[in-house]
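Engineer: Handing you a structure now.
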Amino acid sequence: MKRIGLILMAIIIFSCAAVSEVDAKRRKNEKPKWVDDPASAYPEAYYLSAIGEGDTRSYAENMAAGNLARIFESRVKADQSVSNRYNEISDNSGVSSTETTDIATNVNISSDQTLLNVKFGESYTDQLGQVYVIAYIDRMKTATIYENRINQANAKIVEFIEEGENVKSRTHSYAYLSAAKLFHAQLDIMLQQLDIISANSRSMIELDYDANDLQKKLNKVAEEVTFSIDLSNDEDGKIESVLQQLLTSMGFRLSDNGLLKVEGSVNFSETDLGRDDYIFVRYDLQLEIIDDRGNIVAALAEKGREGHASFAEAKARCVRKVQSKIDKTLQKKVVQYFDNLVK
């Protein structure tokens with residue numbers, strides 16, 4: 001009888017263990033509450049959070065970061081080109097050299113938003129292999145990081161303004177004030193992001209410069225950066241017109257003897273490619289912009305050909321191609337020249 005009792009007890013124990021194991025597997029496969037309600041795991045008072053899903057963990061993380069960025073998109077208009085220029089100059093100025101140990105991840109997403117201190121929490125894989133990941137920002141810790149970055153940028157802007165006012169060279173003065181305006185643009189983005197992360201932290205920040213006054217100073221010195229254009233073979237002046245428009249859009253002023261000298265040539269010539277139905281025209285553009293110390297600010301050399309039934313239209317296509325090349329590449333090189341003066 002005792003033996004039967006022991007057998008029954010063993011059966012009960014094993015049955016309970018089996019049920020517990022099945023129950024544990026069932027609970028493990030259940031979709032967590034945070035998948036549909038991220039605030040249940042990361043309360044909104046303390047965190048910003050978003051869910052991402054995908055076939056792999058890395059893809060789910062990218063989606064989660066992108067969804068987190070959308071929280072900012074409707075209120076913060078970012079420009080990736082501004083962010084890239086800011087990072088290049090700040091990396092050479094020591095602006096972002098601190099708090100690196102505090103920043104687990106700096107996530108860049110296609111929305112042009114750059115978010116600091118993004119972290120990834122729980123993950124869940126369903127029975128179909130779909131991976132879910134939660135991305136979050138700790139409001140308090142991240143606000144501190146933003147405050148440090150903003151204070152550093154603020155100090156650098158004040159330094160750039162002082163340099164721009166004290167340096168004798170007009171080109172260097174423009175470079176410093178342009179860098180100050182660039183840093184202000186990035187700082188303004190960080191302020192807007194901080195307002196979403198922690199409105200209280202944003203309200204405590206005061207800047208040591210006036211943005212409107214900075215713009216006036218930049219406009220004034222830009223007018224003092226004059227330029228002249230000497231372009232041979234530009235018979236109808238269309239290429240010169242594009243160059244003039246490009247440089248005046250930066251605030252510079254056309255002059256007979258400019259600080260910046262645009263020199264070069266443009267040539268259009270008919271070429272025989274052995275086709276009776278089409279006339280082909282080659283173009284050859286050679287440009288240099290030289291500063292008042294004889295340094296090359298920017299250079300552009302472009303060659304190619306365009307075809308059409310008439311010479312006039314083929315040449316017109318060449319002109320449009322040359323104009324496009326100037327618009328796309330030359331201004332970037334000029335901007336890079338002034339950024340390099342600061343770096």
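Residue numbering restarts at 1 in every chain; chains get A, B, ... in the order shown in the structure tokens, and ligands count up from 1 in that same order.
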Residues within 9 Å of region 312-316 of chain A, please, as a PyMOL selection string. Count only C-alpha atoms; anything in the same chain fewer than 6 positions from it doesn't count.
Structural biologist: chain A and resi 268-270+278-283+305-306
Engineer: Looking only at the backbone, which of the residues in region 66-313 of chain A does DSSP tag as alpha helix (DSSP H), as a ChimeraX atom specification?
Structural biologist: /A:66-73,80-93,139-166,170-197,199-203,211-224,238-248,311-313
Engineer: Between CA of Ala78 (chain A) and CA of Asn219 (chain A), what is the spacing in Å?
Structural biologist: 22.9 Å
Engineer: Applying 8 Å and only C-alpha atoms, which residues near Ile205 (chain A) remain after dropping the ones on its own chain fewer than 3 positions away? List them as a PyMOL selection string.
Structural biologist: chain A and resi 147+201-202
Engineer: Residues near Arg170 (chain A), anyone? I mean within 8 Å using only C-alpha atoms, not counting same-chain ones fewer than 6 positions away, as an mmCIF file with N, CA and C atoms, in the first residue's frame.
Structural biologist:
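Written out: around_21.cif:
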data_model
loop_
_atom_site.group_PDB
_atom_site.id
_atom_site.type_symbol
_atom_site.label_atom_id
_atom_site.label_comp_id
_atom_site.auth_asym_id
_atom_site.auth_seq_id
_atom_site.Cartn_x
_atom_site.Cartn_y
_atom_site.Cartn_z
ATOM 1 N N VAL A 221 28.744 91.467 -43.332
ATOM 2 C CA VAL A 221 30.081 91.056 -43.764
ATOM 3 C C VAL A 221 30.016 90.320 -45.105
ATOM 4 N N GLU A 224 30.446 92.548 -47.902
ATOM 5 C CA GLU A 224 31.827 93.021 -48.037
ATOM 6 C C GLU A 224 32.724 91.982 -48.717
ATOM 7 N N VAL A 225 32.202 90.751 -48.883
ATOM 8 C CA VAL A 225 32.924 89.721 -49.645
ATOM 9 C C VAL A 225 32.504 89.877 -51.095
#
Engineer: Can you work out which one of A:Asn257, A:Ser241, A:Asn267, A:Gln80 has the shortest atom-to-atom distance to Gln323 (chain A), counting only C-alpha atoms?
Structural biologist: A:Ser241
Engineer: Please identify which residues in region 85-253 of chain A DSSP calls strand (DSSP E or B) from the backbone, and express them as a VMD selection string.
Structural biologist: chain A and resid 107 to 108 114 to 115 119 to 125 131 to 138 226 to 232 253
Engineer: Since we have the selection now, will you write its residues out, keeping N, CA and C atoms, as a compact mmCIF listing (two decimals), in the first residue's frame?
Structural biologist:
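So the final result, stored in again.txt, reads:
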# COMPACT_ATOMS: atom_id res chain seq x y z
N VAL A 107 21.56 57.78 -33.13
CA VAL A 107 20.89 57.14 -34.25
C VAL A 107 20.52 58.17 -35.31
N ASN A 108 20.99 57.96 -36.54
CA ASN A 108 20.61 58.80 -37.67
C ASN A 108 19.58 58.05 -38.50
N THR A 114 18.40 63.60 -35.94
CA THR A 114 19.49 62.92 -35.27
C THR A 114 19.16 62.90 -33.78
N LEU A 115 18.98 61.71 -33.23
CA LEU A 115 18.55 61.58 -31.84
C LEU A 115 19.69 61.09 -30.98
N LYS A 119 18.18 54.06 -26.90
CA LYS A 119 18.52 52.70 -26.44
C LYS A 119 17.42 51.74 -26.85
N PHE A 120 17.77 50.46 -26.87
CA PHE A 120 16.81 49.43 -27.26
C PHE A 120 16.58 48.49 -26.09
N GLY A 121 15.33 48.26 -25.79
CA GLY A 121 14.98 47.43 -24.64
C GLY A 121 14.56 46.03 -25.04
N GLU A 122 13.40 45.62 -24.56
CA GLU A 122 12.91 44.27 -24.77
C GLU A 122 12.71 43.94 -26.25
N SER A 123 12.81 42.66 -26.56
CA SER A 123 12.50 42.17 -27.89
C SER A 123 11.60 40.94 -27.76
N TYR A 124 10.85 40.69 -28.80
CA TYR A 124 9.92 39.56 -28.82
C TYR A 124 9.84 39.02 -30.24
N THR A 125 9.90 37.71 -30.38
CA THR A 125 9.78 37.06 -31.68
C THR A 125 8.53 36.19 -31.67
N VAL A 131 10.19 39.85 -35.60
CA VAL A 131 10.86 40.36 -34.41
C VAL A 131 10.30 41.74 -34.06
N TYR A 132 10.02 41.94 -32.77
CA TYR A 132 9.55 43.22 -32.26
C TYR A 132 10.58 43.75 -31.26
N VAL A 133 10.91 45.03 -31.38
CA VAL A 133 11.89 45.66 -30.49
C VAL A 133 11.34 47.01 -30.04
N ILE A 134 11.63 47.36 -28.82
CA ILE A 134 11.22 48.66 -28.31
C ILE A 134 12.44 49.58 -28.20
N ALA A 135 12.33 50.77 -28.76
CA ALA A 135 13.37 51.80 -28.65
C ALA A 135 12.87 52.86 -27.68
N TYR A 136 13.78 53.39 -26.88
CA TYR A 136 13.32 54.37 -25.90
C TYR A 136 14.40 55.41 -25.61
N ILE A 137 13.95 56.54 -25.12
CA ILE A 137 14.82 57.62 -24.67
C ILE A 137 14.45 57.94 -23.24
N ASP A 138 15.43 57.86 -22.36
CA ASP A 138 15.23 58.24 -20.96
C ASP A 138 15.21 59.76 -20.89
N THR A 226 33.30 90.62 -51.84
CA THR A 226 32.96 90.91 -53.24
C THR A 226 33.56 89.84 -54.16
N PHE A 227 33.02 89.77 -55.36
CA PHE A 227 33.52 88.82 -56.34
C PHE A 227 33.46 89.43 -57.74
N SER A 228 34.37 88.97 -58.59
CA SER A 228 34.37 89.38 -60.00
C SER A 228 34.39 88.12 -60.86
N ILE A 229 33.91 88.24 -62.09
CA ILE A 229 33.83 87.09 -62.99
C ILE A 229 34.52 87.42 -64.30
N ASP A 230 35.44 86.55 -64.69
CA ASP A 230 36.12 86.70 -65.99
C ASP A 230 36.05 85.33 -66.68
N LEU A 231 35.05 85.17 -67.53
CA LEU A 231 34.78 83.89 -68.18
C LEU A 231 34.83 84.06 -69.69
N SER A 232 35.79 83.45 -70.33
CA SER A 232 35.94 83.60 -71.78
C SER A 232 35.00 82.65 -72.53
N ARG A 253 28.71 90.21 -53.09
CA ARG A 253 28.38 91.32 -53.99
C ARG A 253 29.33 91.35 -55.18
Engineer: Please provide the set of residues having any atom within 12 Å of Gln113 (chain A), restricted to only C-alpha atoms, with same-chain residues fewer than 6 positions apart removed, written as a ChimeraX atom specification.
Structural biologist: /A:65-84,106-107,186,189-190,192-193
Engineer: Dump C-alpha atoms for the selected residues as a short mmCIF file (atom, residue, chain, number, x, y, z; two decimals), in the first residue's frame?
Structural biologist:
data_model
loop_
_atom_site.label_atom_id
_atom_site.label_comp_id
_atom_site.auth_asym_id
_atom_site.auth_seq_id
_atom_site.Cartn_x
_atom_site.Cartn_y
_atom_site.Cartn_z
CA ALA A 65 14.38 54.24 -34.14
CA GLY A 66 12.54 55.58 -37.19
CA ASN A 67 9.20 55.43 -35.37
CA LEU A 68 10.79 57.20 -32.41
CA ALA A 69 11.98 59.94 -34.79
CA ARG A 70 8.43 60.46 -36.04
CA ILE A 71 7.52 61.76 -32.59
CA PHE A 72 9.81 64.70 -33.41
CA GLU A 73 9.13 65.09 -37.14
CA SER A 74 5.90 67.06 -36.94
CA ARG A 75 7.48 69.71 -34.70
CA VAL A 76 11.17 69.72 -35.59
CA LYS A 77 12.34 70.46 -39.13
CA ALA A 78 15.87 69.14 -39.50
CA ASP A 79 18.31 69.44 -42.40
CA GLN A 80 20.83 66.64 -42.77
CA SER A 81 23.26 68.88 -44.67
CA VAL A 82 23.29 71.29 -41.70
CA SER A 83 23.86 68.40 -39.33
CA ASN A 84 26.72 67.03 -41.45
CA ASN A 106 23.45 58.21 -31.69
CA VAL A 107 20.89 57.14 -34.25
CA GLN A 186 21.85 73.01 -35.19
CA ILE A 189 17.12 71.90 -33.63
CA MET A 190 18.49 70.55 -30.34
CA GLN A 192 13.24 71.95 -30.20
CA GLN A 193 14.06 68.30 -29.56
#
Engineer: Using only C-alpha atoms, determine which residues lie at most 12 Å from Ser203 (chain A), disregarding the query and same-chain residues fewer than 3 positions distant; provide the list as a list of chain:residue names.
Structural biologist: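 Answer for this query is A:Ala143, A:Glu147, A:Leu191, A:Gln192, A:Leu194, A:Asp195, A:Ile196, A:Ile197, A:Ser198, A:Ala199, A:Asn200, A:Glu206, A:Leu207.
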